[in-house]
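Colleague: Just so it is clear, I am handing over start.cif, which has mmCIF, C-alpha atoms and all ligand atoms; chains and numbers go by the auth columns.
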data_target
#
loop_
_atom_site.group_PDB
_atom_site.id
_atom_site.type_symbol
_atom_site.label_atom_id
_atom_site.label_comp_id
_atom_site.label_asym_id
_atom_site.label_seq_id
_atom_site.Cartn_x
_atom_site.Cartn_y
_atom_site.Cartn_z
_atom_site.B_iso_or_equiv
_atom_site.auth_seq_id
_atom_site.auth_asym_id
ATOM 1 C CA MET A 1 73.418 78.883 -11.914 0.00 210 Q
ATOM 2 C CA ARG A 2 69.777 79.584 -12.662 0.00 211 Q
ATOM 3 C CA LYS A 3 67.453 76.634 -13.058 0.00 212 Q
ATOM 4 C CA ASP A 4 63.944 76.726 -14.523 0.00 213 Q
ATOM 5 C CA PHE A 5 61.079 76.097 -12.116 0.00 214 Q
ATOM 6 C CA ALA A 6 58.811 73.206 -13.123 0.00 215 Q
ATOM 7 C CA PRO A 7 55.073 73.656 -12.528 0.00 216 Q
ATOM 8 C CA GLU A 8 53.713 71.434 -9.769 0.00 217 Q
ATOM 9 C CA LYS A 9 51.041 68.909 -10.729 0.00 218 Q
ATOM 10 C CA PHE A 10 47.592 69.015 -9.154 0.00 219 Q
ATOM 11 C CA ASN A 11 44.800 66.520 -9.619 0.00 220 Q
ATOM 12 C CA PHE A 12 41.421 68.232 -9.718 0.00 221 Q
ATOM 13 C CA GLU A 13 39.918 66.072 -12.478 0.00 222 Q
ATOM 14 C CA LYS A 14 36.845 65.247 -10.385 0.00 223 Q
ATOM 15 C CA GLY A 15 36.478 68.763 -9.041 0.00 224 Q
ATOM 16 C CA LEU A 16 36.048 69.550 -5.361 0.00 225 Q
ATOM 17 C CA ASP A 17 33.102 70.073 -3.047 0.00 226 Q
ATOM 18 C CA GLY A 18 31.659 73.308 -4.446 0.00 227 Q
ATOM 19 C CA MET A 19 34.405 73.894 -7.029 0.00 228 Q
ATOM 20 C CA SER A 20 34.000 72.535 -10.548 0.00 229 Q
ATOM 21 C CA ALA A 21 36.744 70.629 -12.360 0.00 230 Q
ATOM 22 C CA LYS A 22 36.476 73.133 -15.211 0.00 231 Q
ATOM 23 C CA MET A 23 37.023 76.155 -12.965 0.00 232 Q
ATOM 24 C CA LEU A 24 39.991 74.498 -11.238 0.00 233 Q
ATOM 25 C CA ALA A 25 41.535 73.384 -14.542 0.00 234 Q
ATOM 26 C CA GLU A 26 41.364 76.925 -15.932 0.00 235 Q
ATOM 27 C CA HIS A 27 42.820 78.279 -12.696 0.00 236 Q
ATOM 28 C CA VAL A 28 45.735 75.823 -12.802 0.00 237 Q
ATOM 29 C CA LYS A 29 46.484 77.073 -16.334 0.00 238 Q
ATOM 30 C CA LEU A 30 46.913 80.580 -14.905 0.00 239 Q
ATOM 31 C CA TYR A 31 49.319 79.206 -12.288 0.00 240 Q
ATOM 32 C CA GLU A 32 51.335 77.438 -14.976 0.00 241 Q
ATOM 33 C CA GLY A 33 51.577 80.782 -16.759 0.00 242 Q
ATOM 34 C CA TYR A 34 53.184 82.344 -13.672 0.00 243 Q
ATOM 35 C CA VAL A 35 55.791 79.573 -13.570 0.00 244 Q
ATOM 36 C CA LYS A 36 56.537 80.066 -17.273 0.00 245 Q
ATOM 37 C CA LYS A 37 56.826 83.839 -16.912 0.00 246 Q
ATOM 38 C CA THR A 38 59.034 83.503 -13.801 0.00 247 Q
ATOM 39 C CA ASN A 39 61.456 81.395 -15.848 0.00 248 Q
ATOM 40 C CA GLU A 40 61.304 83.783 -18.792 0.00 249 Q
ATOM 41 C CA ILE A 41 61.879 86.907 -16.674 0.00 250 Q
ATOM 42 C CA GLN A 42 64.735 85.374 -14.703 0.00 251 Q
ATOM 43 C CA LEU A 43 66.400 84.205 -17.921 0.00 252 Q
ATOM 44 C CA LYS A 44 66.097 87.695 -19.444 0.00 253 Q
ATOM 45 C CA LEU A 45 67.476 89.277 -16.259 0.00 254 Q
ATOM 46 C CA GLU A 46 70.750 87.433 -16.842 0.00 255 Q
ATOM 47 C CA THR A 47 71.483 89.416 -19.956 0.00 256 Q
ATOM 48 C CA ALA A 48 69.499 92.640 -19.400 0.00 257 Q
ATOM 49 C CA ASP A 49 71.538 95.837 -19.651 0.00 258 Q
ATOM 50 C CA LYS A 50 72.067 96.962 -16.031 0.00 259 Q
ATOM 51 C CA SER A 51 73.591 100.271 -17.116 0.00 260 Q
ATOM 52 C CA GLU A 52 70.268 101.568 -18.489 0.00 261 Q
ATOM 53 C CA ALA A 53 68.393 101.150 -15.154 0.00 262 Q
ATOM 54 C CA ASN A 54 65.973 104.047 -14.643 0.00 263 Q
ATOM 55 C CA GLY A 55 63.189 104.631 -12.131 0.00 264 Q
ATOM 56 C CA VAL A 56 60.719 106.021 -14.689 0.00 265 Q
ATOM 57 C CA PHE A 57 61.232 103.388 -17.341 0.00 266 Q
ATOM 58 C CA SER A 58 63.872 100.853 -18.212 0.00 267 Q
ATOM 59 C CA TYR A 59 63.816 97.282 -19.466 0.00 268 Q
ATOM 60 C CA ILE A 60 65.578 95.994 -16.367 0.00 269 Q
ATOM 61 C CA GLY A 61 63.179 97.999 -14.188 0.00 270 Q
ATOM 62 C CA GLU A 62 60.186 96.314 -15.815 0.00 271 Q
ATOM 63 C CA LEU A 63 61.788 92.878 -15.484 0.00 272 Q
ATOM 64 C CA LYS A 64 62.415 93.503 -11.759 0.00 273 Q
ATOM 65 C CA ARG A 65 58.872 94.822 -11.280 0.00 274 Q
ATOM 66 C CA GLN A 66 57.199 91.875 -13.001 0.00 275 Q
ATOM 67 C CA GLU A 67 59.536 89.318 -11.422 0.00 276 Q
ATOM 68 C CA THR A 68 57.935 89.866 -7.998 0.00 277 Q
ATOM 69 C CA PHE A 69 54.465 89.562 -9.563 0.00 278 Q
ATOM 70 C CA ALA A 70 55.318 86.285 -11.304 0.00 279 Q
ATOM 71 C CA VAL A 71 57.285 84.732 -8.421 0.00 280 Q
ATOM 72 C CA ASN A 72 54.602 85.516 -5.835 0.00 281 Q
ATOM 73 C CA GLY A 73 51.907 84.354 -8.279 0.00 282 Q
ATOM 74 C CA MET A 74 53.735 81.039 -8.551 0.00 283 Q
ATOM 75 C CA LYS A 75 54.391 80.563 -4.829 0.00 284 Q
ATOM 76 C CA LEU A 76 50.964 81.606 -3.555 0.00 285 Q
ATOM 77 C CA HIS A 77 49.146 79.340 -6.027 0.00 286 Q
ATOM 78 C CA GLU A 78 51.346 76.402 -4.998 0.00 287 Q
ATOM 79 C CA VAL A 79 50.107 76.687 -1.413 0.00 288 Q
ATOM 80 C CA TYR A 80 46.530 77.409 -2.528 0.00 289 Q
ATOM 81 C CA PHE A 81 46.255 74.365 -4.806 0.00 290 Q
ATOM 82 C CA GLY A 82 48.490 72.311 -2.503 0.00 291 Q
ATOM 83 C CA HIS A 83 46.043 72.537 0.381 0.00 292 Q
ATOM 84 C CA LEU A 84 42.827 72.118 -1.606 0.00 293 Q
ATOM 85 C CA GLY A 85 41.396 68.613 -1.695 0.00 294 Q
ATOM 86 C CA GLY A 86 41.214 67.953 2.045 0.00 295 Q
ATOM 87 C CA ASP A 87 38.260 67.291 4.326 0.00 296 Q
ATOM 88 C CA GLY A 88 38.251 70.744 5.919 0.00 297 Q
ATOM 89 C CA LYS A 89 38.709 69.346 9.436 0.00 298 Q
ATOM 90 C CA PRO A 90 40.999 71.535 11.577 0.00 299 Q
ATOM 91 C CA LYS A 91 43.810 69.490 13.093 0.00 300 Q
ATOM 92 C CA GLY A 92 47.404 69.440 14.286 0.00 301 Q
ATOM 93 C CA ASP A 93 49.815 72.179 15.351 0.00 302 Q
ATOM 94 C CA LEU A 94 48.078 74.840 13.289 0.00 303 Q
ATOM 95 C CA VAL A 95 44.977 74.590 15.472 0.00 304 Q
ATOM 96 C CA LYS A 96 47.053 75.161 18.616 0.00 305 Q
ATOM 97 C CA MET A 97 48.880 78.117 17.053 0.00 306 Q
ATOM 98 C CA ILE A 98 45.630 79.709 15.854 0.00 307 Q
ATOM 99 C CA GLU A 99 44.080 79.314 19.317 0.00 308 Q
ATOM 100 C CA ARG A 100 47.194 80.840 20.885 0.00 309 Q
ATOM 101 C CA ASP A 101 47.357 83.863 18.550 0.00 310 Q
ATOM 102 C CA PHE A 102 43.682 84.525 17.735 0.00 311 Q
ATOM 103 C CA GLY A 103 41.960 83.148 20.827 0.00 312 Q
ATOM 104 C CA SER A 104 39.885 80.549 18.990 0.00 313 Q
ATOM 105 C CA LEU A 105 39.344 78.940 15.601 0.00 314 Q
ATOM 106 C CA ASP A 106 36.068 80.829 15.226 0.00 315 Q
ATOM 107 C CA VAL A 107 37.692 84.219 15.850 0.00 316 Q
ATOM 108 C CA TRP A 108 40.398 83.382 13.310 0.00 317 Q
ATOM 109 C CA LYS A 109 37.879 82.232 10.700 0.00 318 Q
ATOM 110 C CA VAL A 110 35.740 85.361 11.016 0.00 319 Q
ATOM 111 C CA ASP A 111 38.857 87.493 10.529 0.00 320 Q
ATOM 112 C CA MET A 112 40.115 85.339 7.629 0.00 321 Q
ATOM 113 C CA ILE A 113 36.751 85.589 5.839 0.00 322 Q
ATOM 114 C CA ALA A 114 36.742 89.376 6.331 0.00 323 Q
ATOM 115 C CA THR A 115 40.313 89.523 5.000 0.00 324 Q
ATOM 116 C CA GLY A 116 39.248 87.526 1.949 0.00 325 Q
ATOM 117 C CA ILE A 117 36.220 89.747 1.313 0.00 326 Q
ATOM 118 C CA ALA A 118 38.208 92.959 1.772 0.00 327 Q
ATOM 119 C CA ALA A 119 41.329 92.027 -0.194 0.00 328 Q
ATOM 120 C CA ARG A 120 41.486 92.216 -3.987 0.00 329 Q
ATOM 121 C CA GLY A 121 43.924 89.343 -4.428 0.00 330 Q
ATOM 122 C CA TRP A 122 44.721 87.184 -1.455 0.00 331 Q
ATOM 123 C CA GLY A 123 43.964 86.445 2.174 0.00 332 Q
ATOM 124 C CA VAL A 124 47.019 84.835 3.733 0.00 333 Q
ATOM 125 C CA LEU A 125 47.406 83.277 7.166 0.00 334 Q
ATOM 126 C CA ALA A 126 51.126 83.640 7.733 0.00 335 Q
ATOM 127 C CA TYR A 127 53.611 82.994 10.500 0.00 336 Q
ATOM 128 C CA ASP A 128 55.577 86.224 10.910 0.00 337 Q
ATOM 129 C CA TYR A 129 59.106 85.863 12.256 0.00 338 Q
ATOM 130 C CA LYS A 130 59.002 89.456 13.582 0.00 339 Q
ATOM 131 C CA ASP A 131 56.715 88.623 16.513 0.00 340 Q
ATOM 132 C CA LYS A 132 56.602 84.836 16.014 0.00 341 Q
ATOM 133 C CA LYS A 133 52.821 84.962 15.704 0.00 342 Q
ATOM 134 C CA LEU A 134 50.208 84.191 13.088 0.00 343 Q
ATOM 135 C CA HIS A 135 48.577 87.021 11.131 0.00 344 Q
ATOM 136 C CA ASN A 136 45.868 87.190 8.500 0.00 345 Q
ATOM 137 C CA TYR A 137 47.421 89.458 5.887 0.00 346 Q
ATOM 138 C CA GLY A 138 45.487 90.795 2.901 0.00 347 Q
ATOM 139 C CA ALA A 139 47.135 91.425 -0.463 0.00 348 Q
ATOM 140 C CA ASP A 140 45.637 93.403 -3.361 0.00 349 Q
ATOM 141 C CA ALA A 141 47.882 91.711 -5.942 0.00 350 Q
ATOM 142 C CA HIS A 142 50.597 89.045 -5.932 0.00 351 Q
ATOM 143 C CA ASN A 143 53.202 91.715 -5.229 0.00 352 Q
ATOM 144 C CA VAL A 144 51.081 94.305 -3.419 0.00 353 Q
ATOM 145 C CA GLY A 145 50.745 93.575 0.280 0.00 354 Q
ATOM 146 C CA ALA A 146 53.273 90.764 0.515 0.00 355 Q
ATOM 147 C CA VAL A 147 54.996 90.777 3.910 0.00 356 Q
ATOM 148 C CA TRP A 148 58.626 89.742 4.020 0.00 357 Q
ATOM 149 C CA GLY A 149 59.884 87.344 6.656 0.00 358 Q
ATOM 150 C CA ALA A 150 56.512 85.656 6.928 0.00 359 Q
ATOM 151 C CA ILE A 151 55.655 82.082 5.940 0.00 360 Q
ATOM 152 C CA PRO A 152 52.239 81.547 4.286 0.00 361 Q
ATOM 153 C CA LEU A 153 50.346 78.635 5.860 0.00 362 Q
ATOM 154 C CA VAL A 154 46.802 79.112 4.550 0.00 363 Q
ATOM 155 C CA VAL A 155 46.435 80.946 1.258 0.00 364 Q
ATOM 156 C CA LEU A 156 43.011 82.041 0.019 0.00 365 Q
ATOM 157 C CA ASP A 157 42.837 83.240 -3.587 0.00 366 Q
ATOM 158 C CA VAL A 158 40.119 85.888 -3.906 0.00 367 Q
ATOM 159 C CA TYR A 159 40.866 87.067 -7.428 0.00 368 Q
ATOM 160 C CA GLU A 160 37.646 86.824 -9.460 0.00 369 Q
ATOM 161 C CA HIS A 161 39.228 84.110 -11.629 0.00 370 Q
ATOM 162 C CA ALA A 162 39.224 81.846 -8.547 0.00 371 Q
ATOM 163 C CA TYR A 163 35.421 81.746 -8.226 0.00 372 Q
ATOM 164 C CA PHE A 164 33.461 83.694 -10.870 0.00 373 Q
ATOM 165 C CA MET A 165 32.856 80.678 -13.121 0.00 374 Q
ATOM 166 C CA ASP A 166 31.026 78.803 -10.318 0.00 375 Q
ATOM 167 C CA TYR A 167 29.875 81.593 -8.023 0.00 376 Q
ATOM 168 C CA GLY A 168 29.494 84.809 -9.993 0.00 377 Q
ATOM 169 C CA VAL A 169 29.854 87.702 -7.580 0.00 378 Q
ATOM 170 C CA ASN A 170 29.123 85.543 -4.526 0.00 379 Q
ATOM 171 C CA ARG A 171 32.604 85.517 -3.034 0.00 380 Q
ATOM 172 C CA LYS A 172 31.430 84.560 0.452 0.00 381 Q
ATOM 173 C CA ASP A 173 29.987 81.201 -0.667 0.00 382 Q
ATOM 174 C CA TYR A 174 33.231 80.482 -2.533 0.00 383 Q
ATOM 175 C CA ILE A 175 35.210 81.212 0.643 0.00 384 Q
ATOM 176 C CA ASN A 176 32.978 78.794 2.578 0.00 385 Q
ATOM 177 C CA SER A 177 33.694 76.131 -0.007 0.00 386 Q
ATOM 178 C CA PHE A 178 37.423 76.905 0.271 0.00 387 Q
ATOM 179 C CA PHE A 179 37.287 76.095 4.008 0.00 388 Q
ATOM 180 C CA LYS A 180 35.335 72.874 3.305 0.00 389 Q
ATOM 181 C CA ASN A 181 38.134 71.618 1.051 0.00 390 Q
ATOM 182 C CA LEU A 182 41.062 72.757 3.145 0.00 391 Q
ATOM 183 C CA ASN A 183 43.695 70.135 3.912 0.00 392 Q
ATOM 184 C CA TRP A 184 45.049 71.147 7.313 0.00 393 Q
ATOM 185 C CA ASP A 185 47.807 68.546 7.109 0.00 394 Q
ATOM 186 C CA PHE A 186 49.375 70.541 4.285 0.00 395 Q
ATOM 187 C CA ALA A 187 49.793 73.569 6.563 0.00 396 Q
ATOM 188 C CA ASN A 188 50.980 71.338 9.422 0.00 397 Q
ATOM 189 C CA LYS A 189 53.680 69.987 7.109 0.00 398 Q
ATOM 190 C CA ILE A 190 54.927 73.540 6.421 0.00 399 Q
ATOM 191 C CA ILE A 191 54.992 74.210 10.182 0.00 400 Q
ATOM 192 C CA LYS A 192 57.162 71.090 10.695 0.00 401 Q
ATOM 193 C CA GLU A 193 59.364 71.818 7.700 0.00 402 Q
ATOM 194 C CA TYR A 194 60.280 75.277 9.040 0.00 403 Q
ATOM 195 C CA GLY A 195 60.194 74.232 12.718 0.00 404 Q
ATOM 196 C CA LEU A 196 57.665 77.013 13.487 0.00 405 Q
ATOM 197 C CA LYS A 197 56.550 77.438 17.099 0.00 406 Q
HETATM 198 FE FE FE B . 44.576 82.543 -8.763 0.00 1 I
#
Any chance you could put this one into structure tokens?
Ligand SMILES: [Fe+2]

Modeller:
Amino acid sequence: MRKDFAPEKFNFEKGLDGMSAKMLAEHVKLYEGYVKKTNEIQLKLETADKSEANGVFSYIGELKRQETFAVNGMKLHEVYFGHLGGDGKPKGDLVKMIERDFGSLDVWKVDMIATGIAARGWGVLAYDYKDKKLHNYGADAHNVGAVWGAIPLVVLDVYEHAYFMDYGVNRKDYINSFFKNLNWDFANKIIKEYGLK
């Protein structure tokens, strides 16, 4: 049986280094909207008329299309907010895996920043089960560029809503502040949880 998702709670009342409390509070509201819409879409899917499915337009087609947008919007923000609030110091298994798959932390970071500048939605460091290696994947929207069979470990939101209030068009400075606030233990916990090697 279907069960509603509950939005996770995040405490950004004092803001973060380089990210205002106001900007983060507004951003969390967007995330909560994705959770709400995920629940609404999945509820409506239970009773939607499957017999009218059509590739040009149908109600069930739109529900299916927007479900991936809402679900990915929910999941990606949960990692993003989940690992903000740290001291930015690289540590643990993730460091070893990055060094193994990218050569060094610096090489990875340069590529991750470029991914974040080039993408229109997300830069995602993910462990891909296909080759059992880490990749920096770029996504132009929550459901455009998502790679299946890959576990997101570091999730950088580069939608304008993530930084415009504090940074205007200066996305690069926002990305630097993202790294300063990154809690590496959060990613290390995901690595342990899934037993990634
Ligand atoms: Fe966002």

Colleague: Measuring atom to atom with all atoms listed in the file, identify which of Q:Ala350, Q:Ile360, Q:Leu293, Q:Ala230 is nearest to Tyr338 of chain Q.

Modeller: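 When distances to Tyr338 of chain Q are compared using all atoms listed in the file, the smallest one comes from Q:Ile360.
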
Colleague: Counting all atoms listed in the file, name the residues that have an atom within 10 Å of an atom of ligand FE 1 (chain I); the answer should be given as a PyMOL selection string.

Modeller: chain Q and resi 233+235-240+243+282-283+285-287+289-290+330-331+351+365-372

Colleague: Find the spatial neighbours of Ile269 of chain Q, counting all atoms listed in the file, within a cut-off of 8 Å - ignore same-chain residues fewer than 6 positions away - and output them as a short mmCIF file (atom, residue, chain, number, x, y, z; two decimals) with C-alpha atoms, in the coordinates of the input.

Modeller:
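So the final result, stored in around_32.cif, reads:
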data_model
loop_
_atom_site.label_atom_id
_atom_site.label_comp_id
_atom_site.auth_asym_id
_atom_site.auth_seq_id
_atom_site.Cartn_x
_atom_site.Cartn_y
_atom_site.Cartn_z
CA LEU Q 254 67.48 89.28 -16.26
CA ALA Q 257 69.50 92.64 -19.40
CA ASP Q 258 71.54 95.84 -19.65
CA LYS Q 259 72.07 96.96 -16.03
CA GLU Q 261 70.27 101.57 -18.49
CA ALA Q 262 68.39 101.15 -15.15
#

Colleague: Quick one: everything within 12 Å of Val356 of chain Q, counting only C-alpha atoms, minus sequence neighbours fewer than 6 positions away in the same chain. Send it as a VMD selection string.

Modeller: chain Q and resid 281 332 to 339 344 to 348

Colleague: Taking all atoms listed in the file into account, name the residue in Q:Glu308, Q:Gly270, Q:Ile326, Q:His292 that is nearest to Asn220 of chain Q.

Modeller: Q:His292

Colleague: Tell me, in Å to one decimal, how far atom CA of Ser386 of chain Q is from atom CA of Ala328 of chain Q.

Modeller: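 For atom CA of Ser386 of chain Q relative to atom CA of Ala328 of chain Q, the distance reads 17.6 Å.
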